[in-house]
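Notes follow the structure.
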Amino acid sequence: MSTVTVTDGPAPAPAAATRPEYRVTGRRVLRSEWAKMWSLRSTWITLGLGLLFLVAFGVIAAAHYRSELDSGRPMRPDAVSATALDLSVFGTNFAQLALGVLGVLVTAGEYSTGMIRSTLAAVPRRLPVLWSKAAVFGLVALAVSTVGVFVAFTIDSGIVSGTPAALTLSHSGVVRSLLGAGLYLGLVGVIGTALGALLRSVAGGISVLVASLMLVPGLISLLPSSWQDDISPYLPSSAGRAMFQLTHDATSLSPAAGLVVFLGWTVLALAGAACRLVRSDA
C-alpha cells in the first residue's frame, strides 16, 4: 500500500490586482467640467434666458421702430439714426446679465455646495480647473450669443426692410459687429467665471459683475466732462460696446482697441482668480 507525503510550505502569493493607471490631463479636466456644467438645471435655464433676451428684445426693438415710423409722428432722436444692427443687438444689455450670472454660478456654486473640495482633490494642481471652467463656459456662451444675434438680425432685417434702418449681412461691418457682439458676451461669461472663483460667493460675484457693467458707468457720468472723456471709453461696458458698434466717434474706441481693452479686463479677473485659487484653501 502506497502513501502520499504532503510537504508543508509557504502558500503561493496571490496575483496582485492590476489597476488601470489614471492620469490627470487637460483633456480629461475639460471633459469633467463639460459634464458638470450640463448636469445642472440652471445651465439650461440661464442659457435659454440669454438666448431669449437676445432674440426677443431685438425683435421688440425692431417692431417698435417700425410702428413708430409708420405712425407718422416725430421719432425719438435716438431712433432716427437707428439701424437694423443697433436694433438686433439691443438685447445684449439683458443677455450679459444672464450669461455673466451663469458664469459666476459655474465656479462660486461649487464653493457654496462644498463640491470644490472633491474637484481640487481630483486635480491637485488647481489652475487647470479654473482654465477649464473658463474655457468651457466661455465657448458655450460665445456659441449661444453668436447664434442669438444672427437670428435677431435676420428677423429684424425683415421687419425694417424698406426703411432707413434697413441693412443686410453684405453691408460693410455688419458681420464683424455681429461676431463682436457674440465675442463680447462670451468674454462676459468668462469674467463671471473668474469673479465666482475670486470671491467664492454667488451673491458677491453677481454684485461685482452688475456693478462693473451697469453701475460704474452711471457713477462716471457724475464726474466732470473732461474726466468722463478720459475714463469712460476704457470701462468694461464701453470697451465691450465698441466691439460691436457699426460706427464710432472721437469719444469711443475702435473695435480692435475695444477688444484689446476688454481682453485686458478679462485677463485681470482671471489673474486675480488664479492667484487666490493657488494661495488660499478651498
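Each chain of the C-alpha cells is named A, B, ... in the order shown, its residues numbered from 1; ligands are numbered from 1 in display order.
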- Query: Using only C-alpha atoms, which residues sit within 9 Å of region 180-188 of chain A once same-chain residues fewer than 3 positions away are excluded, as number ranges by chain?
  - Reply: A: 89, 92, 95-97, 99-100, 103, 137-149, 175-177, 191-193, 209, 240-245, 255, 259, 262-263, 266
For those residues, write N, CA and C atoms to a file as a short mmCIF file (atom, residue, chain, number, x, y, z; two decimals), in the first residue's frame.
```cif
data_model
loop_
_atom_site.label_atom_id
_atom_site.label_comp_id
_atom_site.auth_asym_id
_atom_site.auth_seq_id
_atom_site.Cartn_x
_atom_site.Cartn_y
_atom_site.Cartn_z
N VAL A 89 -28.95 94.12 -31.68
CA VAL A 89 -28.07 93.92 -30.52
C VAL A 89 -28.63 94.63 -29.28
N THR A 92 -28.42 92.74 -25.90
CA THR A 92 -27.15 92.38 -25.26
C THR A 92 -27.08 92.90 -23.82
N ALA A 95 -28.89 90.14 -21.99
CA ALA A 95 -28.24 88.84 -22.11
C ALA A 95 -26.94 88.78 -21.33
N GLN A 96 -26.23 89.91 -21.23
CA GLN A 96 -24.96 89.91 -20.50
C GLN A 96 -25.17 89.58 -19.02
N LEU A 97 -26.31 89.97 -18.48
CA LEU A 97 -26.60 89.64 -17.09
C LEU A 97 -26.84 88.14 -16.92
N LEU A 99 -25.80 85.62 -18.88
CA LEU A 99 -24.58 84.85 -19.11
C LEU A 99 -23.53 85.12 -18.03
N GLY A 100 -23.44 86.36 -17.57
CA GLY A 100 -22.49 86.67 -16.51
C GLY A 100 -22.86 86.00 -15.20
N GLY A 103 -21.99 82.41 -15.39
CA GLY A 103 -20.55 82.25 -15.21
C GLY A 103 -20.16 82.25 -13.75
N PHE A 137 -17.16 77.27 -20.38
CA PHE A 137 -18.32 78.15 -20.35
C PHE A 137 -18.16 79.31 -21.33
N GLY A 138 -16.94 79.82 -21.49
CA GLY A 138 -16.74 80.91 -22.44
C GLY A 138 -17.12 80.51 -23.86
N LEU A 139 -16.72 79.31 -24.27
CA LEU A 139 -17.06 78.85 -25.62
C LEU A 139 -18.55 78.60 -25.78
N VAL A 140 -19.19 78.06 -24.74
CA VAL A 140 -20.63 77.84 -24.81
C VAL A 140 -21.37 79.17 -24.89
N ALA A 141 -20.97 80.15 -24.06
CA ALA A 141 -21.60 81.46 -24.10
C ALA A 141 -21.37 82.14 -25.44
N LEU A 142 -20.18 81.98 -26.01
CA LEU A 142 -19.88 82.54 -27.33
C LEU A 142 -20.78 81.95 -28.40
N ALA A 143 -20.95 80.64 -28.38
CA ALA A 143 -21.78 79.98 -29.39
C ALA A 143 -23.24 80.41 -29.27
N VAL A 144 -23.77 80.40 -28.06
CA VAL A 144 -25.18 80.75 -27.85
C VAL A 144 -25.44 82.20 -28.24
N SER A 145 -24.58 83.11 -27.82
CA SER A 145 -24.80 84.53 -28.10
C SER A 145 -24.62 84.84 -29.58
N THR A 146 -23.67 84.19 -30.23
CA THR A 146 -23.48 84.43 -31.67
C THR A 146 -24.70 83.98 -32.46
N VAL A 147 -25.22 82.82 -32.12
CA VAL A 147 -26.45 82.35 -32.77
C VAL A 147 -27.59 83.33 -32.50
N GLY A 148 -27.69 83.81 -31.26
CA GLY A 148 -28.77 84.72 -30.91
C GLY A 148 -28.75 86.02 -31.69
N VAL A 149 -27.58 86.65 -31.82
CA VAL A 149 -27.52 87.94 -32.52
C VAL A 149 -27.75 87.77 -34.01
N VAL A 175 -21.24 91.93 -40.40
CA VAL A 175 -20.82 90.62 -39.89
C VAL A 175 -19.81 90.79 -38.77
N ARG A 176 -18.88 91.72 -38.95
CA ARG A 176 -17.88 91.98 -37.90
C ARG A 176 -18.55 92.41 -36.60
N SER A 177 -19.57 93.25 -36.70
CA SER A 177 -20.26 93.72 -35.50
C SER A 177 -21.03 92.60 -34.82
N ILE A 191 -15.56 86.42 -17.55
CA ILE A 191 -15.36 87.32 -16.41
C ILE A 191 -16.23 86.87 -15.23
N GLY A 192 -17.46 86.46 -15.49
CA GLY A 192 -18.32 85.95 -14.43
C GLY A 192 -17.71 84.72 -13.77
N THR A 193 -17.14 83.82 -14.59
CA THR A 193 -16.48 82.64 -14.04
C THR A 193 -15.31 83.03 -13.14
N LEU A 209 -20.21 91.91 -10.65
CA LEU A 209 -20.46 91.87 -12.09
C LEU A 209 -21.44 92.96 -12.50
N GLY A 240 -16.49 97.00 -24.35
CA GLY A 240 -17.24 95.91 -24.96
C GLY A 240 -18.21 96.40 -26.02
N ARG A 241 -18.86 97.53 -25.77
CA ARG A 241 -19.80 98.08 -26.75
C ARG A 241 -19.07 98.49 -28.02
N ALA A 242 -17.84 98.96 -27.88
CA ALA A 242 -17.08 99.37 -29.06
C ALA A 242 -16.78 98.18 -29.97
N MET A 243 -16.78 96.97 -29.41
CA MET A 243 -16.50 95.78 -30.20
C MET A 243 -17.57 95.51 -31.24
N PHE A 244 -18.82 95.93 -30.99
CA PHE A 244 -19.89 95.62 -31.94
C PHE A 244 -20.63 96.84 -32.45
N GLN A 245 -20.10 98.02 -32.24
CA GLN A 245 -20.69 99.21 -32.83
C GLN A 245 -20.32 99.29 -34.31
N PRO A 255 -13.10 99.14 -32.86
CA PRO A 255 -13.40 97.75 -32.49
C PRO A 255 -12.17 96.99 -32.00
N LEU A 259 -11.61 95.61 -28.19
CA LEU A 259 -11.33 94.20 -27.92
C LEU A 259 -10.11 94.06 -27.02
N PHE A 262 -11.04 95.17 -23.45
CA PHE A 262 -11.93 94.21 -22.77
C PHE A 262 -11.19 92.91 -22.46
N LEU A 263 -10.30 92.51 -23.35
CA LEU A 263 -9.47 91.34 -23.05
C LEU A 263 -8.58 91.61 -21.84
N THR A 266 -10.62 91.04 -18.83
CA THR A 266 -10.84 89.60 -18.66
C THR A 266 -9.61 88.93 -18.06
#
```
- as a PyMOL selection string, list the residues of region 56-215 of chain A assigned to helix (DSSP H, G or I) by DSSP on the backbone atoms of this structure. chain A and resi 56-70+77-80+84-88+92-113+115-122+127-159+174-199+202-215
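Using only C-alpha atoms, the residues found no farther than 12 Å from Thr83 (chain A), other than those of its own chain fewer than 5 positions away, are A:Gly58, A:Ala61, A:Ala62, A:Tyr65, A:Arg66, A:Asp78, A:Ser88, A:Val89, A:Phe90, A:Phe153, A:Asp156, A:Ser157, A:Ile159, A:Val160, A:Ser161, A:Gly162, A:Thr163, A:Pro164, A:Ala165, A:Ala166, A:Leu167, A:Thr168, A:His171, A:Val174, A:Gln245, A:Leu246, A:Thr247.
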- Lys133 (chain A) surroundings by only C-alpha atoms, 9 Å radius, close-in-sequence under 3 positions cut, as a PyMOL selection string: chain A and resi 29-30+33-34+37+103+106-107+128-130+136-138+190+193
- Task: Show which residues sit within 12 Å of Ser32 (chain A), as a ChimeraX atom specification. Count only C-alpha atoms, and ignore same-chain residues fewer than 4 positions away.
- Result: /A:24-28,36-39,119,122-123,128-129,132-133,136
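The smallest atom-to-atom distance between Leu178 (chain A) and any of A:Leu52, A:Cys275, A:Ile45, A:Leu87, using only C-alpha atoms, is found for A:Leu87.
The gap separating CA of Pro224 (chain A) from CA of Asn93 (chain A) is 25.6 Å, in Å to one decimal.
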- Query: Residues at most 9 Å from Leu199 (chain A), counting only C-alpha atoms, excluding those fewer than 5 positions away in the same chain, as an NGL selection string?
  - Reply: :A and (108 or 194 or 204-205 or 273 or 276)
Kindly save the residues from that selection, with N, CA, C and O atoms included, as a PDB file, in the first residue's frame.
```
ATOM      1  N   ALA A 108     -18.554  79.760  -8.353  1.00  0.00           N
ATOM      2  CA  ALA A 108     -18.953  80.021  -6.967  1.00  0.00           C
ATOM      3  C   ALA A 108     -19.958  78.989  -6.474  1.00  0.00           C
ATOM      4  O   ALA A 108     -20.021  78.717  -5.269  1.00  0.00           O
ATOM      5  N   ALA A 194     -14.529  84.004 -13.594  1.00  0.00           N
ATOM      6  CA  ALA A 194     -13.381  84.456 -12.804  1.00  0.00           C
ATOM      7  C   ALA A 194     -13.820  85.122 -11.504  1.00  0.00           C
ATOM      8  O   ALA A 194     -13.217  84.893 -10.443  1.00  0.00           O
ATOM      9  N   GLY A 204     -21.762  87.747  -3.939  1.00  0.00           N
ATOM     10  CA  GLY A 204     -20.680  88.697  -4.136  1.00  0.00           C
ATOM     11  C   GLY A 204     -20.256  88.801  -5.587  1.00  0.00           C
ATOM     12  O   GLY A 204     -20.019  89.896  -6.106  1.00  0.00           O
ATOM     13  N   GLY A 205     -20.145  87.663  -6.267  1.00  0.00           N
ATOM     14  CA  GLY A 205     -19.749  87.678  -7.673  1.00  0.00           C
ATOM     15  C   GLY A 205     -20.761  88.387  -8.546  1.00  0.00           C
ATOM     16  O   GLY A 205     -20.395  89.179  -9.429  1.00  0.00           O
ATOM     17  N   ALA A 273      -8.378  85.575  -9.891  1.00  0.00           N
ATOM     18  CA  ALA A 273      -8.952  84.289  -9.504  1.00  0.00           C
ATOM     19  C   ALA A 273      -7.868  83.223  -9.366  1.00  0.00           C
ATOM     20  O   ALA A 273      -7.883  82.414  -8.436  1.00  0.00           O
ATOM     21  N   ARG A 276      -5.821  83.721  -6.078  1.00  0.00           N
ATOM     22  CA  ARG A 276      -6.485  83.270  -4.872  1.00  0.00           C
ATOM     23  C   ARG A 276      -6.642  81.759  -4.838  1.00  0.00           C
ATOM     24  O   ARG A 276      -6.552  81.136  -3.773  1.00  0.00           O
TER      25      ARG A 276
END
```
- Using only C-alpha atoms, which residue out of A:Ser81, A:Ser254, A:Ser172, A:Ser112 lies closest to Ala203 (chain A)? A:Ser112
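If you look at CA of Ile116 (chain A) and CA of Leu47 (chain A), they are 22.7 Å away from each other.
Across A:Thr251, A:Ala239, A:Ile220, A:Leu198, the tightest approach to Arg279 (chain A) is made by A:Leu198 when counting only C-alpha atoms.
Each of A:Val104, A:Ala134, A:Ala250, A:Ala98 was compared to Leu54 (chain A) using only C-alpha atoms, and A:Ala98 turns out to be the nearest.
Shell of Pro217 (chain A) at 10 Å, with only C-alpha atoms counted and residues fewer than 6 places along the chain excluded, is Ala211, Gln228, Ile231, Ser232, Pro233, Leu235, Pro236, Ser237 and Ser238 of chain A.
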With C-alpha atoms retained, write the just-selected residues as a PDB file, in the first residue's frame.
```pdb
ATOM      1  CA  ALA A 211     -21.672  96.979 -10.586  1.00  0.00           C
ATOM      2  CA  GLN A 228     -15.560 111.313 -18.426  1.00  0.00           C
ATOM      3  CA  ILE A 231     -12.179 107.320 -18.357  1.00  0.00           C
ATOM      4  CA  SER A 232     -15.452 106.179 -19.949  1.00  0.00           C
ATOM      5  CA  PRO A 233     -14.038 104.557 -23.128  1.00  0.00           C
ATOM      6  CA  LEU A 235     -14.659 100.919 -18.774  1.00  0.00           C
ATOM      7  CA  PRO A 236     -15.593  97.259 -19.412  1.00  0.00           C
ATOM      8  CA  SER A 237     -19.066  98.085 -20.725  1.00  0.00           C
ATOM      9  CA  SER A 238     -17.844 100.887 -23.019  1.00  0.00           C
TER      10      SER A 238
END
```
- Item | Gap from CA of Leu85 (chain A) to CA of Val210 (chain A) - Å, one decimal | 24.7 Å
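Distances from A:Ser118, A:Ser42, A:Thr154, A:Thr113 to Val55 (chain A) were compared using only C-alpha atoms, and the smallest one belongs to A:Thr154.
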